[in-house]
Every structure is written in structure tokens, then in C-alpha cells.
file input-v4.cif (mmCIF, C-alpha atoms)
data_entry
loop_
_atom_site.label_atom_id
_atom_site.label_comp_id
_atom_site.auth_asym_id
_atom_site.auth_seq_id
_atom_site.Cartn_x
_atom_site.Cartn_y
_atom_site.Cartn_z
CA MET A 1 -4.81 16.87 -16.08
CA SER A 2 -6.95 13.78 -15.48
CA LYS A 3 -9.93 12.85 -17.64
CA LYS A 4 -12.23 12.79 -14.57
CA PHE A 5 -11.16 16.33 -13.64
CA VAL A 6 -11.89 17.57 -17.18
CA GLU A 7 -15.34 15.89 -17.05
CA LYS A 8 -16.09 17.50 -13.69
CA LEU A 9 -15.00 20.91 -14.96
CA SER A 10 -17.14 20.43 -18.08
CA ASP A 11 -20.18 19.53 -15.94
CA LYS A 12 -19.73 22.67 -13.84
CA ILE A 13 -19.35 24.87 -16.92
CA ASP A 14 -22.46 23.34 -18.48
CA ALA A 15 -24.37 24.05 -15.27
CA VAL A 16 -23.70 27.79 -15.59
CA PRO A 17 -26.65 29.26 -17.53
CA ALA A 18 -26.04 31.52 -20.51
CA TYR A 19 -28.77 33.79 -19.20
CA ILE A 20 -30.95 34.00 -16.08
CA THR A 21 -34.62 33.06 -16.33
CA PHE A 22 -36.84 34.22 -13.49
CA GLY A 23 -40.46 34.55 -12.47
CA ARG A 24 -42.30 35.98 -9.48
CA VAL A 25 -43.96 34.61 -6.35
CA THR A 26 -47.74 34.92 -6.71
CA LYS A 27 -49.00 33.17 -3.58
CA ILE A 28 -47.76 31.56 -0.35
CA LEU A 29 -49.89 29.09 1.58
CA GLY A 30 -48.29 27.28 4.51
CA MET A 31 -45.17 25.51 3.19
CA MET A 32 -46.25 25.92 -0.44
CA VAL A 33 -44.97 28.74 -2.68
CA GLU A 34 -46.69 29.43 -5.99
CA ILE A 35 -44.75 31.15 -8.78
CA GLY A 36 -45.72 32.35 -12.24
CA GLY A 37 -43.95 33.41 -15.41
CA ILE A 38 -41.57 30.47 -15.82
CA GLU A 39 -43.81 27.42 -15.33
CA THR A 40 -43.16 26.23 -18.92
CA GLU A 41 -39.42 26.12 -18.18
CA LEU A 42 -39.81 23.84 -15.13
CA SER A 43 -40.61 20.21 -14.37
CA ILE A 44 -41.13 18.14 -11.23
CA GLY A 45 -37.89 18.14 -9.25
CA SER A 46 -36.51 21.35 -10.82
CA LEU A 47 -34.73 23.77 -8.52
CA CYS A 48 -35.60 27.43 -8.08
CA ILE A 49 -33.86 30.08 -6.01
CA LEU A 50 -36.09 32.63 -4.27
CA LYS A 51 -34.25 35.94 -3.84
CA PRO A 52 -35.77 38.34 -1.29
CA ARG A 53 -34.42 41.87 -1.09
CA ASN A 54 -32.93 41.87 2.40
CA ALA A 55 -32.24 38.21 3.17
CA ASP A 56 -30.27 35.23 1.92
CA PRO A 57 -31.52 33.31 -1.13
CA VAL A 58 -33.83 30.38 -0.37
CA PRO A 59 -33.48 27.23 -2.53
CA CYS A 60 -36.75 25.48 -3.44
CA GLU A 61 -37.87 22.44 -5.38
CA VAL A 62 -40.81 22.14 -7.77
CA VAL A 63 -43.26 19.57 -6.37
CA GLY A 64 -46.29 20.18 -8.59
CA PHE A 65 -48.27 22.47 -10.90
CA ARG A 66 -51.70 24.06 -10.53
CA ASP A 67 -53.61 26.51 -12.76
CA ASN A 68 -50.55 27.26 -14.93
CA HIS A 69 -48.42 28.03 -11.88
CA ALA A 70 -45.53 26.03 -10.39
CA LEU A 71 -45.78 24.85 -6.79
CA LEU A 72 -42.55 24.99 -4.80
CA MET A 73 -41.45 23.85 -1.37
CA ALA A 74 -38.46 25.45 0.31
CA PHE A 75 -35.30 23.86 1.71
CA GLY A 76 -35.10 26.75 4.18
CA ASN A 77 -37.13 29.33 6.05
CA LEU A 78 -39.85 31.30 4.23
CA ASN A 79 -40.02 34.19 6.70
CA SER A 80 -38.48 36.68 4.28
CA ILE A 81 -40.49 35.59 1.21
CA GLY A 82 -43.55 37.49 -0.03
CA PRO A 83 -45.61 38.04 -3.20
CA GLY A 84 -43.56 39.54 -6.02
CA CYS A 85 -40.33 38.00 -4.76
CA ARG A 86 -37.99 37.03 -7.62
CA ALA A 87 -37.69 33.28 -8.40
CA GLU A 88 -34.73 32.21 -10.54
CA ILE A 89 -34.32 28.80 -12.20
CA GLY A 90 -31.51 26.84 -10.56
CA PRO A 91 -29.44 23.84 -11.73
CA GLN A 92 -31.59 21.04 -13.13
CA GLN A 93 -29.75 18.28 -11.26
CA ILE A 94 -28.02 18.31 -7.88
CA LEU A 95 -24.72 16.43 -7.84
CA ALA A 96 -22.58 15.40 -4.87
CA TYR A 97 -18.81 15.07 -5.27
CA PRO A 98 -17.71 12.68 -2.51
CA SER A 99 -14.11 11.62 -2.00
CA ASP A 100 -12.15 9.34 0.32
CA ALA A 101 -11.37 12.45 2.41
CA TRP A 102 -15.02 12.46 3.52
CA LYS A 103 -14.38 9.55 5.87
CA GLY A 104 -14.48 10.75 9.46
CA ARG A 105 -16.61 13.76 8.55
CA VAL A 106 -20.11 14.88 9.58
CA ILE A 107 -22.10 16.73 6.91
CA ASN A 108 -25.62 17.98 6.24
CA ALA A 109 -28.06 17.20 3.43
CA PHE A 110 -26.24 19.66 1.11
CA ALA A 111 -22.73 18.20 1.73
CA ALA A 112 -21.74 21.14 3.94
CA PRO A 113 -19.54 20.24 6.95
CA LEU A 114 -21.08 20.27 10.43
CA ASP A 115 -18.05 19.13 12.43
CA GLY A 116 -15.93 22.30 12.38
CA LYS A 117 -13.04 20.50 10.65
CA GLY A 118 -12.84 22.89 7.71
CA PRO A 119 -14.02 22.67 4.11
CA LEU A 120 -15.02 19.36 2.61
CA PRO A 121 -12.74 18.33 -0.31
CA GLU A 122 -14.62 17.57 -3.52
CA GLY A 123 -14.00 14.43 -5.52
CA GLU A 124 -13.83 14.21 -9.30
CA ILE A 125 -16.98 12.12 -9.88
CA GLY A 126 -20.40 13.74 -9.58
CA ILE A 127 -23.12 11.47 -8.17
CA PRO A 128 -26.75 12.58 -8.75
CA LEU A 129 -28.64 12.76 -5.49
CA ARG A 130 -31.62 11.13 -7.21
CA ASN A 131 -29.60 8.45 -8.91
CA ALA A 132 -31.30 5.48 -10.56
CA PRO A 133 -30.67 2.01 -9.06
CA PRO A 134 -28.29 -0.26 -11.01
CA PRO A 135 -30.08 -2.28 -13.72
CA ALA A 136 -31.49 -5.52 -12.32
CA HIS A 137 -30.05 -7.66 -15.15
CA GLY A 138 -26.54 -6.22 -14.68
CA ARG A 139 -26.17 -6.58 -10.93
CA LYS A 140 -23.88 -9.06 -9.26
CA ARG A 141 -25.23 -11.73 -6.93
CA LEU A 142 -24.87 -11.37 -3.17
CA GLY A 143 -21.35 -11.88 -1.90
CA PRO A 144 -20.05 -13.96 1.04
CA LYS A 145 -21.10 -13.43 4.65
CA LEU A 146 -20.19 -10.10 6.22
CA ASP A 147 -18.92 -10.13 9.81
CA LEU A 148 -21.00 -7.58 11.73
CA GLY A 149 -19.65 -8.20 15.23
CA ILE A 150 -23.08 -8.85 16.80
CA ARG A 151 -23.58 -12.51 17.80
CA ALA A 152 -27.34 -12.61 17.30
CA ILE A 153 -27.07 -11.29 13.74
CA ASN A 154 -23.93 -13.19 12.74
CA THR A 155 -25.38 -16.56 13.72
CA PHE A 156 -29.19 -16.42 13.47
CA LEU A 157 -29.47 -13.69 10.79
CA SER A 158 -26.30 -14.10 8.73
CA THR A 159 -25.95 -11.17 6.34
CA CYS A 160 -24.21 -11.32 2.96
CA GLN A 161 -22.34 -8.52 1.21
CA GLY A 162 -24.91 -6.46 -0.68
CA GLN A 163 -27.89 -7.59 1.36
CA ARG A 164 -30.49 -5.10 2.65
CA LEU A 165 -32.24 -5.56 5.99
CA GLY A 166 -34.72 -3.54 7.98
CA ILE A 167 -34.48 -2.97 11.73
CA PHE A 168 -38.08 -2.75 12.99
CA SER A 169 -38.78 -1.43 16.45
CA GLY A 170 -40.69 1.05 18.56
CA SER A 171 -39.01 4.06 20.15
CA GLY A 172 -36.42 3.51 22.87
CA VAL A 173 -35.73 -0.18 22.18
CA GLY A 174 -32.07 0.16 21.16
CA LYS A 175 -31.86 0.95 17.42
CA SER A 176 -29.16 3.61 17.79
CA ILE A 177 -26.92 1.42 19.97
CA MET A 178 -27.23 -1.44 17.48
CA MET A 179 -26.28 0.90 14.63
CA SER A 180 -23.22 2.09 16.53
CA MET A 181 -22.12 -1.53 17.14
CA LEU A 182 -22.53 -2.31 13.43
CA ALA A 183 -20.43 0.74 12.54
CA ARG A 184 -17.63 -0.07 15.00
CA TYR A 185 -17.41 -3.84 14.56
CA GLY A 186 -18.73 -4.43 11.02
CA GLY A 187 -16.25 -5.77 8.48
CA ALA A 188 -17.07 -3.22 5.74
CA ASP A 189 -14.46 -0.83 4.33
CA VAL A 190 -16.54 2.28 5.01
CA ASN A 191 -19.78 3.16 6.82
CA VAL A 192 -22.25 5.72 5.51
CA ILE A 193 -24.76 6.71 8.20
CA GLY A 194 -27.80 8.89 7.53
CA LEU A 195 -29.64 10.35 10.53
CA VAL A 196 -32.92 11.50 8.98
CA GLY A 197 -35.22 13.51 11.23
CA GLU A 198 -33.02 12.84 14.28
CA ARG A 199 -33.58 14.64 17.58
CA GLY A 200 -31.10 17.50 17.74
CA ARG A 201 -30.20 16.73 21.36
CA GLU A 202 -29.17 13.17 20.51
CA VAL A 203 -26.81 13.92 17.60
CA GLN A 204 -23.75 14.70 19.71
CA GLU A 205 -24.52 11.80 22.05
CA PHE A 206 -24.62 9.40 19.09
CA LEU A 207 -21.37 10.75 17.59
CA GLU A 208 -19.34 10.92 20.80
CA ASP A 209 -20.75 8.23 23.11
CA GLU A 210 -22.18 5.55 20.85
CA LEU A 211 -20.24 5.83 17.57
CA GLY A 212 -17.04 7.11 19.18
CA ALA A 213 -13.73 7.94 17.52
CA GLU A 214 -13.25 4.33 16.39
CA GLY A 215 -16.54 4.18 14.50
CA LEU A 216 -16.37 7.74 13.15
CA ALA A 217 -12.90 7.21 11.66
CA LYS A 218 -14.27 4.95 8.92
CA SER A 219 -17.69 6.60 8.59
CA VAL A 220 -19.40 9.45 6.78
CA VAL A 221 -22.36 10.77 8.81
CA ILE A 222 -25.16 12.76 7.14
CA ILE A 223 -27.52 14.61 9.48
CA ALA A 224 -30.89 16.32 9.09
CA THR A 225 -32.64 17.02 12.39
CA SER A 226 -36.38 16.86 13.00
CA ASP A 227 -36.80 20.66 12.97
CA GLU A 228 -35.58 21.02 9.37
CA PRO A 229 -38.02 21.30 6.44
CA PRO A 230 -39.35 18.06 4.92
CA LEU A 231 -37.39 18.58 1.68
CA THR A 232 -34.15 18.77 3.67
CA ARG A 233 -34.98 15.62 5.64
CA ARG A 234 -35.76 13.77 2.43
CA GLN A 235 -32.59 15.07 0.78
CA ALA A 236 -30.49 13.75 3.67
CA ALA A 237 -31.58 10.22 2.70
CA TYR A 238 -30.74 10.91 -0.96
CA MET A 239 -27.33 12.28 0.04
CA THR A 240 -26.66 9.19 2.17
CA MET A 241 -27.33 6.91 -0.80
CA ALA A 242 -25.26 9.08 -3.17
CA VAL A 243 -22.21 8.93 -0.87
CA ALA A 244 -22.63 5.16 -0.46
CA GLU A 245 -22.86 4.78 -4.26
CA TYR A 246 -19.60 6.67 -4.69
CA PHE A 247 -17.71 4.28 -2.42
CA ARG A 248 -19.40 1.28 -4.07
CA GLY A 249 -18.20 2.60 -7.43
CA GLU A 250 -14.67 2.65 -5.99
CA GLY A 251 -14.92 -1.12 -5.46
CA LYS A 252 -15.36 -0.93 -1.66
CA GLN A 253 -17.65 -2.81 0.67
CA VAL A 254 -20.03 -0.21 2.10
CA LEU A 255 -22.23 -0.54 5.17
CA CYS A 256 -25.06 1.97 4.68
CA MET A 257 -27.44 2.75 7.56
CA ILE A 258 -30.40 5.14 7.54
CA ASP A 259 -32.23 6.02 10.75
CA SER A 260 -35.00 6.15 9.99
CA VAL A 261 -36.85 5.23 6.81
CA THR A 262 -40.11 6.06 8.63
CA ARG A 263 -39.08 9.71 9.02
CA PHE A 264 -38.14 9.77 5.32
CA ALA A 265 -41.67 8.52 4.55
CA MET A 266 -43.18 11.15 6.86
CA ALA A 267 -41.23 13.88 5.06
CA GLN A 268 -42.49 12.58 1.71
CA ARG A 269 -46.02 12.53 3.15
CA GLU A 270 -45.75 16.22 4.08
CA ILE A 271 -44.48 17.04 0.58
CA GLY A 272 -47.13 14.99 -1.21
CA LEU A 273 -50.06 16.30 0.83
CA SER A 274 -48.90 19.91 0.43
CA ALA A 275 -48.73 19.39 -3.35
CA GLY A 276 -52.36 18.20 -3.33
CA GLU A 277 -51.92 14.42 -3.55
CA PRO A 278 -54.84 12.39 -2.20
CA PRO A 279 -54.13 10.68 1.15
CA THR A 280 -54.42 6.90 1.23
CA THR A 281 -53.58 4.50 4.08
CA LYS A 282 -52.93 6.44 7.31
CA GLY A 283 -52.64 9.65 5.31
CA TYR A 284 -49.68 8.54 3.17
CA PRO A 285 -50.05 9.61 -0.49
CA PRO A 286 -49.11 7.15 -3.29
CA THR A 287 -45.73 8.78 -4.02
CA THR A 288 -44.50 7.86 -0.53
CA PHE A 289 -44.33 4.18 -1.37
CA SER A 290 -42.86 4.68 -4.84
CA GLU A 291 -40.13 6.92 -3.38
CA LEU A 292 -39.40 4.30 -0.70
CA ALA A 293 -38.81 1.67 -3.38
CA ARG A 294 -36.55 3.98 -5.42
CA LEU A 295 -34.47 4.83 -2.35
CA LEU A 296 -34.04 1.30 -1.01
CA GLU A 297 -33.36 -0.29 -4.41
CA ARG A 298 -30.28 1.90 -4.77
CA ALA A 299 -28.56 -0.20 -2.10
CA GLY A 300 -27.33 -3.72 -2.81
CA PRO A 301 -24.70 -5.27 -5.09
CA GLY A 302 -23.05 -3.18 -7.78
CA ILE A 303 -22.20 -4.12 -11.33
CA GLU A 304 -19.00 -5.63 -12.78
CA ASP A 305 -16.04 -4.44 -10.68
CA ASP A 306 -18.11 -2.35 -8.25
CA GLY A 307 -18.26 -3.11 -4.56
CA ASP A 308 -21.50 -3.66 -2.64
CA ILE A 309 -23.77 -1.61 -0.41
CA THR A 310 -24.97 -3.67 2.54
CA GLY A 311 -27.93 -1.76 3.94
CA PHE A 312 -29.53 -1.56 7.37
CA PHE A 313 -32.61 0.67 7.42
CA THR A 314 -34.46 1.33 10.65
CA VAL A 315 -38.25 1.45 10.69
CA LEU A 316 -39.91 3.20 13.63
CA VAL A 317 -43.16 1.23 13.95
CA GLU A 318 -45.96 3.42 15.28
CA GLY A 319 -47.54 2.05 18.45
CA ASP A 320 -45.40 -1.11 18.11
CA ASP A 321 -47.65 -2.10 15.19
CA HIS A 322 -45.37 -4.05 12.84
CA ASN A 323 -48.07 -4.16 10.16
CA GLU A 324 -48.51 -0.40 9.76
CA PRO A 325 -48.20 0.83 6.12
CA VAL A 326 -44.53 1.91 6.03
CA ALA A 327 -43.31 -1.20 7.88
CA ASP A 328 -45.35 -3.43 5.59
CA ALA A 329 -44.02 -1.74 2.44
CA VAL A 330 -40.38 -1.80 3.58
CA ARG A 331 -40.59 -5.45 4.63
CA GLY A 332 -41.71 -6.34 1.10
CA ILE A 333 -38.80 -4.47 -0.53
CA LEU A 334 -35.87 -5.57 1.62
CA ASP A 335 -34.02 -8.89 1.89
CA GLY A 336 -34.88 -9.56 5.50
CA HIS A 337 -35.98 -7.92 8.73
CA ILE A 338 -34.70 -7.69 12.29
CA VAL A 339 -37.43 -7.18 14.89
CA LEU A 340 -36.52 -5.49 18.16
CA SER A 341 -39.01 -6.42 20.88
CA ARG A 342 -40.02 -4.08 23.69
CA SER A 343 -40.86 -7.04 25.95
CA ILE A 344 -37.33 -8.43 25.49
CA ALA A 345 -35.83 -5.01 26.22
CA ASP A 346 -38.03 -4.71 29.31
CA ARG A 347 -36.48 -7.83 30.80
CA GLY A 348 -32.98 -6.39 30.26
CA ARG A 349 -31.63 -8.33 27.28
CA TYR A 350 -29.82 -6.19 24.70
CA PRO A 351 -29.76 -6.19 21.75
CA ALA A 352 -33.48 -6.95 22.08
CA ILE A 353 -33.73 -9.00 18.86
CA ASP A 354 -36.72 -11.32 18.62
CA ILE A 355 -35.04 -14.19 16.80
CA LEU A 356 -38.26 -16.07 16.01
CA LYS A 357 -39.83 -13.04 14.32
CA SER A 358 -36.69 -12.01 12.42
CA ILE A 359 -35.42 -13.44 9.15
CA SER A 360 -32.53 -13.10 6.73
CA ARG A 361 -33.49 -14.15 3.20
CA SER A 362 -29.88 -15.03 2.29
CA MET A 363 -30.02 -17.99 4.70
CA PRO A 364 -29.48 -20.91 4.46
CA LYS A 365 -27.60 -20.50 1.15
CA CYS A 366 -24.68 -18.75 2.86
CA LEU A 367 -24.29 -21.37 5.63
CA THR A 368 -22.43 -24.66 5.70
CA ASP A 369 -24.46 -27.77 6.54
CA GLU A 370 -23.03 -27.77 10.07
CA GLN A 371 -23.86 -24.10 10.63
CA GLU A 372 -27.36 -24.55 9.23
CA LYS A 373 -28.01 -27.44 11.65
CA LEU A 374 -26.75 -25.37 14.60
CA VAL A 375 -29.08 -22.48 13.78
CA ARG A 376 -32.04 -24.78 13.10
CA ASP A 377 -31.56 -26.64 16.41
CA ALA A 378 -31.19 -23.40 18.37
CA ARG A 379 -34.33 -21.93 16.80
CA SER A 380 -36.17 -25.14 17.68
CA VAL A 381 -35.15 -24.77 21.34
CA LEU A 382 -36.34 -21.14 21.40
CA SER A 383 -39.62 -22.05 19.70
CA THR A 384 -40.29 -24.98 22.04
CA TYR A 385 -39.72 -22.86 25.13
CA GLU A 386 -41.84 -19.94 23.85
CA ASP A 387 -44.72 -22.32 23.07
CA MET A 388 -44.68 -23.66 26.64
CA ALA A 389 -43.65 -20.42 28.38
CA GLU A 390 -47.08 -19.72 29.87
CA LEU A 391 -47.41 -23.20 31.37
CA ILE A 392 -43.86 -23.07 32.69
CA ARG A 393 -44.46 -19.70 34.40
CA LEU A 394 -47.68 -20.98 35.97
CA GLY A 395 -45.94 -24.13 37.22
CA ALA A 396 -48.35 -26.31 35.23
CA TYR A 397 -45.62 -28.16 33.35
CA ARG A 398 -44.20 -31.24 35.04
CA LYS A 399 -40.59 -32.11 34.24
CA GLY A 400 -40.24 -35.40 32.41
CA SER A 401 -43.48 -34.98 30.45
CA ASP A 402 -41.71 -34.04 27.19
CA PRO A 403 -37.97 -34.53 26.51
CA LYS A 404 -37.88 -31.56 24.09
CA VAL A 405 -39.37 -29.22 26.68
CA ASP A 406 -36.98 -30.53 29.32
CA GLU A 407 -34.08 -29.81 26.99
CA ALA A 408 -35.44 -26.33 26.27
CA LEU A 409 -35.68 -25.61 30.02
CA VAL A 410 -31.92 -26.22 30.31
CA LEU A 411 -30.75 -24.61 27.06
CA TYR A 412 -33.07 -21.59 26.79
CA PRO A 413 -31.36 -19.50 29.54
CA LYS A 414 -27.97 -20.26 27.99
CA ILE A 415 -29.10 -19.20 24.50
CA GLU A 416 -30.64 -16.06 25.98
CA ALA A 417 -27.27 -15.26 27.62
CA PHE A 418 -25.58 -15.90 24.26
CA LEU A 419 -27.92 -13.44 22.52
CA ALA A 420 -27.19 -10.71 25.08
CA GLN A 421 -24.17 -8.57 24.20
CA LYS A 422 -22.68 -5.42 25.70
CA PRO A 423 -22.12 -2.43 23.38
CA ASN A 424 -18.34 -2.62 23.88
CA GLU A 425 -18.19 -6.36 23.11
CA ASN A 426 -17.26 -7.71 19.67
CA THR A 427 -17.79 -11.33 18.54
CA THR A 428 -16.55 -12.65 15.19
CA LEU A 429 -18.50 -14.96 12.91
CA GLU A 430 -16.49 -18.07 13.80
CA ASP A 431 -16.51 -17.35 17.54
CA GLY A 432 -20.29 -17.00 17.42
CA TYR A 433 -20.81 -20.42 15.84
CA THR A 434 -18.30 -21.99 18.25
CA MET A 435 -20.09 -20.55 21.29
CA LEU A 436 -23.49 -21.69 19.99
CA ALA A 437 -22.19 -25.21 19.31
CA GLU A 438 -20.86 -25.46 22.89
CA ILE A 439 -24.27 -24.46 24.27
CA LEU A 440 -26.19 -26.98 22.17
CA ALA A 441 -23.78 -29.75 23.12
CA GLN A 442 -25.17 -29.54 26.65
CA THR A 443 -28.24 -31.70 27.27
CA ALA A 444 -30.89 -31.78 29.94
CA PRO A 445 -30.14 -34.00 32.95
CA ALA A 446 -31.78 -37.41 32.87
CA GLN A 447 -35.18 -37.52 34.56
CA THR A 448 -36.02 -40.31 37.04
CA ASP A 449 -39.44 -41.90 37.33
CA PRO A 450 -40.89 -41.12 40.81
CA ALA A 451 -42.65 -44.52 40.79
CA GLN A 452 -39.30 -46.34 40.51
CA ASP A 453 -37.87 -44.32 43.41
CA GLN A 454 -40.64 -45.66 45.61
#

call {"tool": "encode", "arguments": {"input": "input-v4.cif", "output": "C-alpha cells"}}
result
Amino acid sequence: MSKKFVEKLSDKIDAVPAYITFGRVTKILGMMVEIGGIETELSIGSLCILKPRNADPVPCEVVGFRDNHALLMAFGNLNSIGPGCRAEIGPQQILAYPSDAWKGRVINAFAAPLDGKGPLPEGEIGIPLRNAPPPAHGRKRLGPKLDLGIRAINTFLSTCQGQRLGIFSGSGVGKSIMMSMLARYGGADVNVIGLVGERGREVQEFLEDELGAEGLAKSVVIIATSDEPPLTRRQAAYMTMAVAEYFRGEGKQVLCMIDSVTRFAMAQREIGLSAGEPPTTKGYPPTTFSELARLLERAGPGIEDDGDITGFFTVLVEGDDHNEPVADAVRGILDGHIVLSRSIADRGRYPAIDILKSISRSMPKCLTDEQEKLVRDARSVLSTYEDMAELIRLGAYRKGSDPKVDEALVLYPKIEAFLAQKPNENTTLEDGYTMLAEILAQTAPAQTDPAQDQ
């Protein structure tokens, strides 16, 4: 009998209470349930189980206290709950028990299978859903570059093992397709994908059409749809990080993706406002931003012999405003940001990454001198063309006026073609740099002076 199995068994035995402590529901207002009789036994984050007479038990979480009563929000439906309903104290900490057998599976926020493939095997190590990030002084540094299969990211936004980036975009600009490409072509050992607040109609489309059998085989997908209670949506993000932490603890390179962090923040906003927190910027209470930091800091390099969690977190910017509160907070926490532009998508270039507005903070330390020069020169071409784009479109620029602009006129369409990539196309790190070098080796044709021709 292994030591880990004995520890797991001991944890489960300890979780069984010697006696049952219960109170009663005193009031229900909207999503909030107020209970009395056991408030001194509870704390923020404690679990309670509401047990109606003729319906299934409803798990709840303590989110606040008021007038010597505990305030609960439910993980399920409150239709069967009324005053006087029994409320029992549940386990004080929720643990997930992931294992390697979870790869290829689709689960919900409570680690229950959604794919019809039978029960989910439990591992021997329990991971708290609200785990603390690794200590800052004990973490490893970022590792070498990770091949992600997408040319624009591999070359212009090189990502190291353990780095965390945000994908910022409005709705319908291609976040889901980019995530599926990262899952299929990324060089990580395992993908952990959290779909938080996803549209129910799009779940099967993402799994079958975009992720496909190839991507799903090395992935664990956690799903909470938009119709589920805010606690469940928030817990899906916690479960995603817990599963990723398990694989990191096994020494593996993990690619963790959450779509989207904005919906996690919205769920936390609903919870905070219902508990009576004061609204601040755009109605978000203060706990929203502290919970964002706790969640995102859990990704990154591990300690000692651990692996790394390379994170990609999508941010759904409201009204294409990239300075709205959630986007601004996430940008300050992460190690870089990828901006998807609606105007680029409108002209048919996918992935619609705006290279000049995107940045990876691990560059240029992870590049060779030759690679750094390639990227710098290519960015210069893009910047030069964008600065003169209006004059070029109006026909006000005369060829031969500026050699740099002339060069940009020749190279810009080629770089734009390089940045475009079909969903079923995979480009390695080295191939990307080779292709970019070949483009930059081409120069603008020599210009003749009209006066000399006369």
C-alpha cells in the first residue's frame, strides 16, 4: 500500500464528521440564502448543504455574514428551498484528485464527467481548489522557448515555459480558434482548458470541430456554461488551475488556457454584490481584483523538480475598450498580452493579432542576436507602413520620397501573408524564423529619378 494512498485515505476519513451540525434557513432573497444557528461554526468559504424534504441536496458556500446570520450562495437551483430548510455544515475544503487518466476527458466544475465515457478515476494526491500560489522566493525562472505552432506568436511574441499571457479581444474575433490551435500544435505535455461561462451551443462545436480528437487526446477540458450559477462558473476556473497544478507537480509542461477571465470576474462581481460589497469601477467590487490576482498567480513556473504552467487567459474586452477595468488589471498581472484586432479580422487575416500592440515580456532575453534583429526589423517595417498608411491609401505618398517607406511598401504585404495562418496549418519555431528571414532579405526595387529619364 503506497504512502500517497494512505494519506488520501486519511484525508477522507478526517473529512467525515464525528457528528452532524446543522442550522435552519431563515431568509431567501434573490440568490442569497440566510441561515441561523450555526454561524459561529462557519467562516468565509465554508460549505453548507441545504437539504429540502422532497428534492436533492443543494451545496452552498458561505460568502458573508450579517446580523449574526451566515449568507450563502448556492451551486445549484434554489427552487426547492424555503424558510426552515435544514442546513448542514459540509467539508471545510474542497479537494480535486486528478490523475493521468483525466487526459482526453471533459468534466464539470465538480470533477464529474460530461463526456459519457464512464466514471473519472481519482488520483492519490488531493489538490485544494483554492490552492495558494507557489512562494515567490522558491519559484524557478522561466524556461526555454515553447513551440506553440502559430507563426505570429512563435516569432513576434516568443513565449517561454512558465510564462503567462493574456489574449485580449472583442467577441467574434477568433479567440476560440486560436486556443484550439495552441492545444493541437503546442509543444506542452498536457493541455488544461477551462471554458468559463461558455455558450452551451458552442461547447460541442469547440470540442469536435475546433479542438478535434488530436487536441482532446492530450487535454483535460473543464466546462461551466453561462446558465450555471456564478459560484459554479467561478469554481470551474479554480478546478482548471487545480488540475494544471497536479500535472505541474508531476514534472510536466502544462499549457493552461481559460476562456474567459472576464466571465470569471463577472461571476465574482455577482457574488460580491449579492454579499453586500460596495461596487467600484463599472460595478466591480474590490474582491474581484484580488481574486483575479490569486487565480492568475497560480500559473507559472513551479518549484524545484516541478514542471511549469504556461498560461493563456482570454479577456473579453467590453465594447472593444482595451482599458476597461478587468483588461487593465489582467494586463498588469500577466507577463505579456496578445491583442486581437477587429479591423484586422474584418480584412480577412487570421489569426487577427495586432503585432504592434502586443508584447511578450520574456523577449528579447529568450532570443539569439540574429532572431532579435529579425523581429526588430520586421516590427520596424510594420510600424513604418502603419504610420504612412493613410497617405498611401489616399495616393498622397510619392514613391522614392523615403527609402524606408518604399521598402515597407514591398515587404508589408509579404509580412501580412506570413502572419496569416489557417487553423489546420502548423509552423515550428525554426521554420517561422527561416520564413521571416527570407521575407526581409527581399528589398524594394531601385527607384529612378524622373528628371534623369528626361

call {"tool": "resolve_selection", "arguments": {"input": "input-v4.cif", "expression": "the PyMOL selection byres ((chain A and resi 241-256) around 7)", "output": "list in words"}}
result
Pro98, Ile127, Pro128, Leu129, Ala188, Asp189, Val190, Asn191, Val192, Ile193, Ala237, Tyr238, Met239, Thr240, Met257, Ile258, Gly302, Asp305, Asp306, Gly307, Asp308, Ile309, Thr310, Gly311 and Phe312 of chain A

call {"tool": "resolve_selection", "arguments": {"input": "input-v4.cif", "expression": "the PyMOL selection byres ((chain A and resi 221) around 12)", "output": "PyMOL selection string"}}
result
chain A and resi 102-109+111-115+180+183+190-196+203-204+206-207+211+215-220+222-224+236-237+239-241+243-244+255-259

call {"tool": "closest_residue", "arguments": {"input": "input-v4.cif", "among": "A:Gly348, A:Gly172, A:Pro135, A:Pro364", "to": "Thr155 in chain A", "atoms": "all atoms listed in the file"}}
result
A:Pro364

call {"tool": "closest_residue", "arguments": {"input": "input-v4.cif", "among": "A:Val330, A:Val339, A:Leu182, A:Ile28", "to": "Glu425 in chain A", "atoms": "all atoms listed in the file"}}
result
A:Leu182

call {"tool": "closest_residue", "arguments": {"input": "input-v4.cif", "among": "A:Gly166, A:Gly138, A:Pro301, A:Gly116", "to": "Ser260 in chain A", "atoms": "all atoms listed in the file"}}
result
A:Gly166

call {"tool": "closest_residue", "arguments": {"input": "input-v4.cif", "among": "A:Met181, A:Ile20, A:Leu142, A:Ile271", "to": "Glu61 in chain A", "atoms": "only C-alpha atoms"}}
result
A:Ile271

call {"tool": "resolve_selection", "arguments": {"input": "input-v4.cif", "expression": "the PyMOL selection byres ((chain A and resi 352) around 12)", "output": "PyMOL selection string"}}
result
chain A and resi 150+152-153+167-170+172-175+177-178+338-351+353-358+416-417+419-422

call {"tool": "residues_around", "arguments": {"input": "input-v4.cif", "residues": "Val63 in chain A", "least_positions_apart": "3", "cutoff": "7 Å", "atoms": "all atoms listed in the file", "output": "list in words"}}
result
Ile44, Gly45, Leu71, Leu72, Met73 and Ala275 of chain A

call {"tool": "atom_distance", "arguments": {"input": "input-v4.cif", "atom1": "CA of Gly272 in chain A", "atom2": "CA of Ser226 in chain A"}}
result
17.9 Å

call {"tool": "atom_distance", "arguments": {"input": "input-v4.cif", "atom1": "CA of Gly37 in chain A", "atom2": "CA of Arg66 in chain A"}}
result
13.1 Å

call {"tool": "closest_residue", "arguments": {"input": "input-v4.cif", "among": "A:Pro144, A:Gly30, A:Pro59, A:Gly23", "to": "Ala87 in chain A", "atoms": "all atoms listed in the file"}}
result
A:Gly23

call {"tool": "atom_distance", "arguments": {"input": "input-v4.cif", "atom1": "CA of Tyr185 in chain A", "atom2": "CA of Asn154 in chain A"}}
result
11.5 Å

call {"tool": "closest_residue", "arguments": {"input": "input-v4.cif", "among": "A:Glu297, A:Asp56, A:Asp100, A:Glu208", "to": "Ser80 in chain A", "atoms": "only C-alpha atoms"}}
result
A:Asp56
